[in-house]
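Everything below belongs to run-v9.tsv, which stores TSV, C-alpha atoms.
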```
chain	number	residue	atom	x	y	z
T	26	MET	CA	17.84	23.52	-78.99
T	27	SER	CA	20.04	23.43	-82.08
T	28	SER	CA	19.60	26.03	-84.75
T	29	ALA	CA	17.91	24.00	-87.41
T	30	ILE	CA	18.40	25.48	-90.84
T	31	ARG	CA	15.14	25.55	-92.69
T	32	ALA	CA	14.30	26.44	-96.23
T	33	THR	CA	11.95	29.13	-94.94
T	34	ASP	CA	14.86	30.89	-93.24
T	35	ARG	CA	16.43	31.81	-96.55
T	36	ILE	CA	15.35	35.22	-97.72
T	37	VAL	CA	15.34	35.23	-101.46
T	38	ALA	CA	14.56	38.80	-102.31
T	39	TRP	CA	12.27	41.73	-101.81
T	40	ARG	CA	8.72	40.64	-102.50
T	41	THR	CA	5.61	42.59	-103.37
T	42	ALA	CA	3.02	42.78	-100.62
T	43	THR	CA	-0.48	43.99	-101.43
T	44	ILE	CA	-2.59	45.43	-98.65
T	45	ARG	CA	-5.78	43.37	-98.33
T	46	GLU	CA	-7.24	45.10	-95.30
T	47	VAL	CA	-6.47	47.99	-92.95
T	48	VAL	CA	-7.56	47.56	-89.32
T	49	ARG	CA	-7.43	50.55	-86.96
T	50	GLU	CA	-6.46	48.92	-83.68
T	51	THR	CA	-6.00	52.01	-81.49
T	52	PRO	CA	-5.66	55.75	-82.14
T	53	SER	CA	-1.95	55.22	-82.84
T	54	ALA	CA	-1.70	51.69	-84.24
T	55	THR	CA	-2.90	50.01	-87.39
T	56	THR	CA	-2.76	46.42	-88.56
T	57	LEU	CA	-2.06	45.89	-92.26
T	58	VAL	CA	-3.27	42.54	-93.56
T	59	LEU	CA	-1.05	41.63	-96.51
T	60	ASP	CA	-1.11	39.26	-99.44
T	61	VAL	CA	2.53	38.49	-100.21
T	62	ASP	CA	3.80	37.00	-103.44
T	63	GLY	CA	5.49	33.69	-102.76
T	64	TRP	CA	5.16	33.97	-99.01
T	65	PRO	CA	7.07	30.98	-97.54
T	66	GLY	CA	5.33	31.01	-94.14
T	67	HIS	CA	6.68	32.24	-90.85
T	68	ARG	CA	7.23	31.26	-87.24
T	69	ALA	CA	5.59	33.17	-84.41
T	70	GLY	CA	7.80	36.04	-83.27
T	71	GLN	CA	9.46	36.77	-86.60
T	72	HIS	CA	9.32	40.14	-88.35
T	73	VAL	CA	9.44	41.56	-91.84
T	74	ASP	CA	11.33	44.49	-93.28
T	75	LEU	CA	9.11	46.92	-95.20
T	76	ARG	CA	10.68	49.29	-97.72
T	77	LEU	CA	9.13	52.47	-99.07
T	78	THR	CA	10.55	54.33	-102.06
T	79	ALA	CA	9.85	58.02	-102.57
T	80	GLU	CA	9.38	59.59	-106.01
T	81	ASP	CA	12.97	60.86	-105.94
T	82	GLY	CA	14.25	57.33	-105.31
T	83	TYR	CA	14.95	57.80	-101.59
T	84	GLN	CA	14.33	54.54	-99.75
T	85	ALA	CA	13.51	53.90	-96.11
T	86	THR	CA	13.39	50.41	-94.57
T	87	ARG	CA	11.88	49.52	-91.21
T	88	SER	CA	11.24	46.26	-89.35
T	89	TYR	CA	7.75	45.34	-88.16
T	90	SER	CA	6.64	42.33	-86.17
T	91	ILE	CA	4.18	39.88	-87.64
T	92	SER	CA	1.10	39.72	-85.39
T	93	SER	CA	-0.82	37.01	-87.28
T	94	ALA	CA	-0.38	33.31	-86.62
T	95	PRO	CA	1.50	31.10	-89.08
T	96	GLU	CA	-1.80	29.26	-89.54
T	97	ASP	CA	-3.65	32.38	-90.74
T	98	ASP	CA	-4.26	32.85	-94.45
T	99	ALA	CA	-2.62	36.27	-94.69
T	100	VAL	CA	0.33	38.05	-93.11
T	101	ALA	CA	-0.57	40.81	-90.67
T	102	VAL	CA	1.85	43.43	-89.36
T	103	THR	CA	0.84	45.83	-86.61
T	104	VAL	CA	2.45	49.27	-86.80
T	105	GLU	CA	2.57	51.98	-84.13
T	106	ARG	CA	2.86	55.58	-85.34
T	107	LEU	CA	6.01	57.48	-84.46
T	108	ASP	CA	5.13	61.11	-85.04
T	109	ASP	CA	8.62	61.97	-86.28
T	110	GLY	CA	9.02	58.70	-88.17
T	111	GLU	CA	9.67	58.43	-91.89
T	112	VAL	CA	7.66	55.28	-92.48
T	113	SER	CA	5.17	54.60	-89.71
T	114	PRO	CA	2.93	57.69	-90.21
T	115	TYR	CA	2.35	56.59	-93.80
T	116	LEU	CA	1.65	52.97	-92.84
T	117	VAL	CA	-0.65	53.88	-89.93
T	118	ASP	CA	-2.61	56.76	-91.44
T	119	GLU	CA	-2.40	56.66	-95.22
T	120	ALA	CA	-1.94	53.11	-96.45
T	121	GLN	CA	-5.04	51.81	-98.23
T	122	PRO	CA	-6.27	48.44	-99.46
T	123	ARG	CA	-4.67	47.50	-102.80
T	124	ASP	CA	-1.56	49.62	-102.09
T	125	GLU	CA	1.65	47.73	-102.74
T	126	LEU	CA	4.68	47.63	-100.45
T	127	GLU	CA	8.08	46.03	-100.78
T	128	LEU	CA	8.64	43.36	-98.17
T	129	ARG	CA	11.56	41.18	-97.14
T	130	GLY	CA	11.08	38.25	-94.85
T	131	PRO	CA	10.16	36.61	-92.67
T	132	VAL	CA	13.40	37.35	-90.85
T	133	GLY	CA	14.77	36.55	-87.42
T	134	GLY	CA	15.03	33.05	-86.00
T	135	TRP	CA	15.97	34.01	-82.46
T	136	PHE	CA	12.85	35.61	-80.97
T	137	VAL	CA	10.63	32.70	-82.00
T	138	TRP	CA	8.28	30.27	-80.30
T	139	THR	CA	6.73	27.22	-81.89
T	140	ALA	CA	4.08	25.07	-80.25
T	141	ASP	CA	6.31	21.99	-80.34
T	142	GLN	CA	8.69	23.74	-77.92
T	143	GLY	CA	5.96	23.64	-75.30
T	144	GLY	CA	5.63	25.79	-72.22
T	145	PRO	CA	5.12	27.19	-69.80
T	146	LEU	CA	5.21	30.47	-71.65
T	147	PHE	CA	5.50	33.86	-69.97
T	148	LEU	CA	5.06	36.81	-72.33
T	149	VAL	CA	5.76	40.38	-71.23
T	150	ALA	CA	4.79	43.25	-73.54
T	151	GLY	CA	5.31	46.99	-73.38
T	152	GLY	CA	2.77	48.79	-75.58
T	153	SER	CA	2.93	47.66	-79.20
T	154	GLY	CA	5.53	45.09	-78.14
T	155	LEU	CA	2.46	42.91	-77.92
T	156	ALA	CA	2.51	42.34	-81.70
T	157	PRO	CA	4.99	39.42	-81.97
T	158	LEU	CA	3.69	37.95	-78.71
T	159	MET	CA	0.19	38.06	-80.21
T	160	SER	CA	1.49	35.90	-83.05
T	161	MET	CA	2.69	33.40	-80.44
T	162	LEU	CA	-0.64	33.42	-78.57
T	163	ARG	CA	-2.62	33.04	-81.81
T	164	HIS	CA	-0.29	30.21	-82.92
T	165	ARG	CA	-0.78	28.53	-79.55
T	166	ALA	CA	-4.56	28.82	-79.87
T	167	ARG	CA	-4.74	27.72	-83.53
T	168	THR	CA	-2.63	24.61	-82.91
T	169	GLY	CA	-4.52	23.60	-79.77
T	170	SER	CA	-1.28	23.69	-77.80
T	171	ASP	CA	-1.64	22.80	-74.14
T	172	ALA	CA	1.36	24.97	-73.19
T	173	GLU	CA	0.33	27.05	-70.21
T	174	ALA	CA	0.66	30.74	-71.10
T	175	LEU	CA	0.64	33.98	-69.11
T	176	LEU	CA	0.70	37.46	-70.62
T	177	LEU	CA	1.68	40.61	-68.75
T	178	LEU	CA	0.91	43.74	-70.74
T	179	SER	CA	1.95	47.27	-69.84
T	180	ALA	CA	-0.16	49.94	-71.55
T	181	ARG	CA	-0.41	53.66	-71.01
T	182	ARG	CA	-4.19	53.70	-70.91
T	183	GLU	CA	-7.15	51.55	-71.88
T	184	GLN	CA	-7.48	52.96	-75.41
T	185	ASP	CA	-3.88	51.94	-76.15
T	186	VAL	CA	-4.43	48.21	-75.59
T	187	LEU	CA	-3.94	46.33	-78.85
T	188	PHE	CA	-6.23	43.41	-79.72
T	189	ALA	CA	-8.33	44.17	-76.64
T	190	GLY	CA	-11.34	42.28	-77.95
T	191	GLU	CA	-9.40	39.14	-78.81
T	192	LEU	CA	-7.07	38.87	-75.83
T	193	PRO	CA	-9.58	37.30	-73.42
T	194	ALA	CA	-10.45	34.61	-75.98
T	195	LEU	CA	-6.95	33.20	-76.44
T	196	GLY	CA	-6.90	30.86	-73.46
T	197	ALA	CA	-4.03	32.63	-71.74
T	198	ALA	CA	-4.25	34.43	-68.42
T	199	VAL	CA	-3.85	38.13	-69.19
T	200	THR	CA	-2.66	40.70	-66.67
T	201	ILE	CA	-2.72	44.37	-67.66
T	202	THR	CA	-1.08	47.27	-65.91
T	203	TYR	CA	-1.90	50.88	-66.82
T	204	THR	CA	0.99	53.28	-66.44
T	205	ARG	CA	-0.64	56.65	-67.18
T	206	GLU	CA	-4.35	56.37	-66.58
T	207	ALA	CA	-6.42	53.42	-65.40
T	208	PRO	CA	-10.10	53.08	-66.33
T	209	ALA	CA	-12.66	54.16	-63.74
T	210	GLY	CA	-13.10	51.51	-61.08
T	211	TRP	CA	-9.98	49.61	-62.17
T	212	ALA	CA	-8.85	47.26	-59.41
T	213	GLY	CA	-5.78	45.90	-61.19
T	214	TYR	CA	-2.22	47.16	-61.50
T	215	ALA	CA	-1.67	50.84	-62.24
T	216	ARG	CA	2.09	51.26	-62.20
T	217	ARG	CA	5.18	50.39	-64.20
T	218	VAL	CA	6.17	46.73	-64.31
T	219	ASP	CA	8.36	45.90	-61.35
T	220	ARG	CA	9.82	42.84	-59.67
T	221	ASP	CA	6.77	42.16	-57.47
T	222	MET	CA	4.44	42.36	-60.46
T	223	LEU	CA	6.60	39.96	-62.48
T	224	ALA	CA	6.59	37.53	-59.57
T	225	GLU	CA	2.81	37.74	-59.19
T	226	ALA	CA	1.86	37.68	-62.86
T	227	GLY	CA	4.44	35.15	-64.04
T	228	PHE	CA	5.51	31.60	-63.26
T	229	GLU	CA	7.76	30.61	-60.42
T	230	ARG	CA	11.33	30.04	-61.54
T	231	GLU	CA	11.08	26.34	-60.67
T	232	ARG	CA	8.64	25.98	-63.56
T	233	ARG	CA	11.45	27.08	-65.93
T	234	PRO	CA	9.17	29.12	-68.19
T	235	ARG	CA	10.23	30.27	-71.63
T	236	ILE	CA	10.07	34.04	-71.37
T	237	PHE	CA	9.69	36.52	-74.22
T	238	VAL	CA	9.88	40.26	-73.59
T	239	CYS	CA	9.14	42.86	-76.26
T	240	GLY	CA	8.80	46.62	-76.03
T	241	PRO	CA	10.79	49.83	-75.94
T	242	THR	CA	14.46	49.37	-75.05
T	243	GLY	CA	14.24	50.76	-71.51
T	244	PHE	CA	11.19	48.63	-70.72
T	245	VAL	CA	12.75	45.42	-72.04
T	246	GLU	CA	16.05	45.89	-70.26
T	247	GLY	CA	14.35	46.72	-66.96
T	248	VAL	CA	12.06	43.68	-67.18
T	249	ALA	CA	14.92	41.34	-68.16
T	250	ARG	CA	17.00	42.58	-65.24
T	251	GLU	CA	14.18	41.98	-62.76
T	252	LEU	CA	13.42	38.52	-64.17
T	253	VAL	CA	17.06	37.52	-63.65
T	254	ALA	CA	16.90	38.98	-60.14
T	255	LEU	CA	13.88	36.74	-59.48
T	256	GLY	CA	16.08	33.76	-60.34
T	257	HIS	CA	14.94	33.07	-63.88
T	258	ASP	CA	17.61	31.53	-66.07
T	259	ALA	CA	18.89	34.25	-68.41
T	260	SER	CA	19.15	31.71	-71.21
T	261	ARG	CA	15.35	31.19	-71.04
T	262	ILE	CA	14.69	34.91	-71.57
T	263	ARG	CA	14.56	36.24	-75.11
T	264	THR	CA	14.16	39.92	-75.80
T	265	GLU	CA	13.12	42.14	-78.66
T	266	ARG	CA	13.88	45.81	-78.09
T	267	PHE	CA	12.46	48.27	-80.52
T	268	GLY	CA	14.30	51.42	-79.52
T	269	ALA	CA	13.66	54.43	-77.39
T	270	THR	CA	10.30	55.49	-78.69
T	271	GLY	CA	8.84	52.16	-79.67
T	272	GLY	CA	7.87	50.76	-83.05
H	17	MET	CA	26.43	54.64	-78.08
H	18	HIS	CA	22.92	55.74	-77.25
H	19	GLU	CA	21.57	53.28	-74.74
H	20	ASP	CA	17.95	54.18	-75.45
H	21	ALA	CA	18.51	53.17	-79.07
H	22	ARG	CA	19.97	49.76	-78.26
H	23	LEU	CA	18.28	46.91	-80.12
H	24	ASP	CA	18.74	43.13	-80.26
H	25	GLY	CA	20.49	41.03	-82.84
H	26	ASN	CA	17.01	40.29	-84.20
H	27	ALA	CA	17.05	43.78	-85.67
H	28	ALA	CA	19.97	42.79	-87.91
H	29	ALA	CA	18.23	39.70	-89.29
H	30	GLY	CA	17.14	41.28	-92.57
H	31	LEU	CA	20.55	42.74	-93.31
H	32	LEU	CA	22.35	39.53	-92.33
H	33	SER	CA	20.10	37.63	-94.74
H	34	GLU	CA	21.85	39.51	-97.55
H	35	LEU	CA	25.16	37.91	-96.54
H	36	PHE	CA	24.45	34.49	-95.11
H	37	THR	CA	22.46	31.66	-96.61
H	38	PRO	CA	21.37	30.03	-93.32
H	39	GLU	CA	19.61	31.98	-90.58
H	40	ALA	CA	22.31	34.10	-88.94
H	41	THR	CA	20.56	35.30	-85.77
H	42	THR	CA	20.58	31.78	-84.30
H	43	ALA	CA	24.26	31.30	-85.22
H	44	VAL	CA	26.67	31.45	-82.28
H	45	ALA	CA	29.34	34.15	-82.45
H	46	ARG	CA	32.53	34.10	-80.41
H	47	CYS	CA	33.74	37.57	-79.47
H	48	ALA	CA	37.27	38.10	-80.70
H	49	GLY	CA	37.79	40.46	-77.77
H	50	CYS	CA	36.67	38.60	-74.64
H	51	GLY	CA	35.98	35.12	-76.01
H	52	ARG	CA	32.34	35.12	-74.89
H	53	THR	CA	30.00	33.05	-77.05
H	54	GLY	CA	26.35	33.79	-77.67
H	55	ALA	CA	23.65	33.85	-80.32
H	56	VAL	CA	23.87	36.70	-82.79
H	57	GLY	CA	20.21	37.39	-81.95
H	58	ALA	CA	21.26	38.23	-78.38
H	59	ALA	CA	23.96	40.71	-79.43
H	60	GLU	CA	23.43	44.43	-78.82
H	61	VAL	CA	22.60	46.34	-81.97
H	62	TYR	CA	22.93	50.05	-82.64
H	63	ALA	CA	21.22	51.17	-85.81
H	64	ASP	CA	20.73	54.89	-85.12
H	65	GLY	CA	23.94	55.91	-86.87
H	66	PRO	CA	24.66	55.78	-90.61
H	67	GLY	CA	25.29	52.04	-90.46
H	68	MET	CA	24.58	49.16	-88.11
H	69	VAL	CA	26.87	47.99	-85.32
H	70	LEU	CA	26.60	44.72	-83.38
H	71	ARG	CA	28.35	44.64	-80.01
H	72	CYS	CA	29.20	41.83	-77.59
H	73	PRO	CA	26.74	41.87	-74.65
H	74	GLY	CA	29.62	40.82	-72.39
H	75	CYS	CA	32.38	43.34	-73.10
H	76	GLU	CA	30.66	45.73	-75.56
H	77	ALA	CA	33.42	45.26	-78.14
H	78	VAL	CA	32.29	45.64	-81.74
H	79	LEU	CA	31.47	42.25	-83.29
H	80	MET	CA	30.26	43.38	-86.70
H	81	ARG	CA	29.86	46.70	-88.50
H	82	PHE	CA	27.85	47.32	-91.61
H	83	ALA	CA	27.48	50.34	-93.84
H	84	ARG	CA	25.83	50.90	-97.18
H	85	ILE	CA	28.10	53.04	-99.32
H	86	ARG	CA	26.88	54.11	-102.76
H	87	GLY	CA	24.46	51.20	-102.80
H	88	ARG	CA	27.04	48.59	-101.83
H	89	LEU	CA	27.01	46.76	-98.50
H	90	VAL	CA	30.32	46.97	-96.64
H	91	ALA	CA	30.79	44.44	-93.82
H	92	ASP	CA	33.53	44.54	-91.18
H	93	LEU	CA	33.50	41.25	-89.25
H	94	ARG	CA	36.84	41.59	-87.48
H	95	GLY	CA	35.27	41.44	-84.03
H	96	VAL	CA	33.96	37.92	-84.56
H	97	GLY	CA	36.34	35.09	-83.76
H	98	THR	CA	34.14	32.31	-85.08
H	99	LEU	CA	30.58	32.08	-86.28
H	100	THR	CA	28.93	28.68	-85.82
H	101	PHE	CA	25.72	27.91	-87.69
```

For the structure just supplied, provide its representation as structure tokens.
Amino acid sequence: MSSAIRATDRIVAWRTATIREVVRETPSATTLVLDVDGWPGHRAGQHVDLRLTAEDGYQATRSYSISSAPEDDAVAVTVERLDDGEVSPYLVDEAQPRDELELRGPVGGWFVWTADQGGPLFLVAGGSGLAPLMSMLRHRARTGSDAEALLLLSARREQDVLFAGELPALGAAVTITYTREAPAGWAGYARRVDRDMLAEAGFERERRPRIFVCGPTGFVEGVARELVALGHDASRIRTERFGATGG
Amino acid sequence: MHEDARLDGNAAAGLLSELFTPEATTAVARCAGCGRTGAVGAAEVYADGPGMVLRCPGCEAVLMRFARIRGRLVADLRGVGTLTF
């Protein structure tokens, strides 16, 4: 697919985003629903840069994935707390409705899926790497896309699963594996994602799925390696690594 | 290089938007070192130092380096042979 240049790809400037709503998703992750001045719209999978300025003028900028669908009436970013982070503890624990943030975006045209690209779609998430994939699943649901979609989610434990209430209602087959502690009576996967799990939870390579993998760097690189080993075309695999600790 | 801190070219999208009018992460870069071509979004990015470095996923040569010095963005693009939008 050629890289179509769209007006929405051009980032004009930093914009003011006003927090409309704060949603506590898990003990360590919060969704901020934002009203953004002059928001040009986004494509599922894109992110925004958020900038905070301290009283002494020190600025810190971080990238966060958009978890809402392009069709939704506000922009939602889902942020996981890094305990030693400069920005995420504020966004997760202290940000309040009506607070203002500086925002640049949407940015990134590479890790993107639009319904007109079709499927099948295989999404693999490590922890809060679910956020941009959630935007894709919501976009798929809102547009009535018939693209077949499978989601494989790796979470430490049940309380860490983002969007747990909404996931079953998106029309995609969801497979969860718990890597630290599975709920009582859990009959599903309880180990790190490996080649066998990717083969069982994903599409066969002959289906030529579009594959998106998002999570901590080690997770993403391991999953991408195993997908290639299973015979998936590397050019169909797009990755978004968010570093060692995630988020 | 800290492998645990490796990111994708996506992570450079905001910074690249300061330089390029069209979307830069879907542009195809040719590595001046090994000649490999690939989307900027698929490059390896290291952002844990004082600046940001994009490396070729084939030979790990530096494609682009960015630093912000006294509020000004300094870009070193020597590692890129061509950039096709």

Find the spatial neighbours of segment 103-112 of chain T, counting all atoms listed in the file, within a cut-off of 8 Å - ignore same-chain residues fewer than 4 positions away - and output them as a PyMOL selection string. chain T and resi 53-57+77+85-87+89-92+116-117+153+156+270-272

For chain H, which of T:Pro52, T:Gly70, T:Pro145, T:Pro95 is the closest residue, counting only C-alpha atoms?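 The closest residue to chain H is T:Gly70.
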
Write out as lines of an AutoDock Vina configuration file an axis-aligned box for segment 146-157 of chain T: all of its atoms listed in the file, 8 Å added on each side, centre and edge lengths in Å with one decimal.
```
center_x = 4.1
center_y = 39.6
center_z = -76.0
size_x = 19.3
size_y = 34.3
size_z = 28.0
```

I'd like the interatomic distance between atom CA of Glu225 of chain T and atom CA of Tyr203 of chain T, to a tenth of an Å.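 Between atom CA of Glu225 of chain T and atom CA of Tyr203 of chain T the gap is 15.9 Å.
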
List as a count of residues only the protein and nucleic acid residues near segment 53-57 of chain H, meaning an atom at most 10 Å away when all atoms listed in the file are counted, but skip any in the same chain fewer than 2 places from it. 42

Tell me, as a ChimeraX atom specification, which residues lie within 12 Å of Ile85 of chain H, counting only C-alpha atoms; anything in the same chain fewer than 4 positions away does not count. /H:66-67,89-91

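The space between atom CA of Trp138 of chain T and atom CA of Glu19 of chain H spans 27.1 Å.
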
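You will find atom CA of Val149 of chain T at 15.4 Å from atom CA of Arg233 of chain T.
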
Would you list the contacts of Val218 of chain T as a ChimeraX atom specification, taking every protein, DNA or RNA residue within 10 Å and counting all atoms listed in the file, but skipping same-chain residues closer than 3 positions in sequence? /T:149-151,177-179,201-204,214-215,221-223,244,247-248,251

Same residues, C-alpha atoms, saved as a PDB file, keeping the file's coordinate frame:
```pdb
ATOM      1  CA  VAL T 149       5.760  40.380 -71.230  1.00  0.00           C
ATOM      2  CA  ALA T 150       4.790  43.250 -73.540  1.00  0.00           C
ATOM      3  CA  GLY T 151       5.310  46.990 -73.380  1.00  0.00           C
ATOM      4  CA  LEU T 177       1.680  40.610 -68.750  1.00  0.00           C
ATOM      5  CA  LEU T 178       0.910  43.740 -70.740  1.00  0.00           C
ATOM      6  CA  SER T 179       1.950  47.270 -69.840  1.00  0.00           C
ATOM      7  CA  ILE T 201      -2.720  44.370 -67.660  1.00  0.00           C
ATOM      8  CA  THR T 202      -1.080  47.270 -65.910  1.00  0.00           C
ATOM      9  CA  TYR T 203      -1.900  50.880 -66.820  1.00  0.00           C
ATOM     10  CA  THR T 204       0.990  53.280 -66.440  1.00  0.00           C
ATOM     11  CA  TYR T 214      -2.220  47.160 -61.500  1.00  0.00           C
ATOM     12  CA  ALA T 215      -1.670  50.840 -62.240  1.00  0.00           C
ATOM     13  CA  ASP T 221       6.770  42.160 -57.470  1.00  0.00           C
ATOM     14  CA  MET T 222       4.440  42.360 -60.460  1.00  0.00           C
ATOM     15  CA  LEU T 223       6.600  39.960 -62.480  1.00  0.00           C
ATOM     16  CA  PHE T 244      11.190  48.630 -70.720  1.00  0.00           C
ATOM     17  CA  GLY T 247      14.350  46.720 -66.960  1.00  0.00           C
ATOM     18  CA  VAL T 248      12.060  43.680 -67.180  1.00  0.00           C
ATOM     19  CA  GLU T 251      14.180  41.980 -62.760  1.00  0.00           C
TER      20      GLU T 251
END
```

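Comparing the minimum interatomic distances between chain H and each of T:Thr78, T:Gln71, T:Ser113, T:Ser93, counting all atoms listed in the file, we find that T:Gln71 sits nearest.
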
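With distances restricted to all atoms listed in the file, H:Ala21 is the closest residue to chain T from H:Ala58, H:Cys75, H:Leu31, H:Ala21.
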
Selected residue of minimal separation from Glu173 of chain T among T:Leu148, T:Leu126, T:Val245, T:Ala194, counting all atoms listed in the file: T:Leu148

Pull the neighbourhood of (-2.7, 48.3, -76.0) for me: all residues within 9 Å in file coordinates, counting all atoms listed in the file, as a CSV table (one decimal) with C-alpha atoms, in the coordinates of the input.
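Generated output (out.csv):
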```csv
chain,number,residue,atom,x,y,z
T,50,GLU,CA,-6.5,48.9,-83.7
T,51,THR,CA,-6.0,52.0,-81.5
T,54,ALA,CA,-1.7,51.7,-84.2
T,151,GLY,CA,5.3,47.0,-73.4
T,152,GLY,CA,2.8,48.8,-75.6
T,153,SER,CA,2.9,47.7,-79.2
T,155,LEU,CA,2.5,42.9,-77.9
T,178,LEU,CA,0.9,43.7,-70.7
T,179,SER,CA,2.0,47.3,-69.8
T,180,ALA,CA,-0.2,49.9,-71.6
T,181,ARG,CA,-0.4,53.7,-71.0
T,182,ARG,CA,-4.2,53.7,-70.9
T,183,GLU,CA,-7.2,51.6,-71.9
T,184,GLN,CA,-7.5,53.0,-75.4
T,185,ASP,CA,-3.9,51.9,-76.2
T,186,VAL,CA,-4.4,48.2,-75.6
T,187,LEU,CA,-3.9,46.3,-78.8
T,188,PHE,CA,-6.2,43.4,-79.7
T,189,ALA,CA,-8.3,44.2,-76.6
```

Selection: 12 Å around segment 38-44 of chain T, only C-alpha atoms, excl. self and same-chain fewer than 2 positions, as JSON, numbers by chain: {"T": [35, 36, 46, 47, 48, 56, 57, 58, 59, 60, 61, 62, 63, 64, 65, 73, 74, 75, 76, 77, 86, 99, 100, 101, 102, 116, 119, 120, 121, 122, 123, 124, 125, 126, 127, 128, 129, 130, 131, 132], "H": [30, 31, 33, 34]}

Return the single residue from T:Phe228, T:Tyr83, T:Trp211, T:Phe147 that is closest to Ile262 of chain T, with distances computed using all atoms listed in the file.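 Checking each of T:Phe228, T:Tyr83, T:Trp211, T:Phe147 against Ile262 of chain T, counting all atoms listed in the file, the winner is T:Phe147.
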
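With distances taken over all atoms listed in the file, T:Ala259 is the one residue among T:Ala259, T:Ala224, T:Leu175, T:Leu162 lying closest to chain H.
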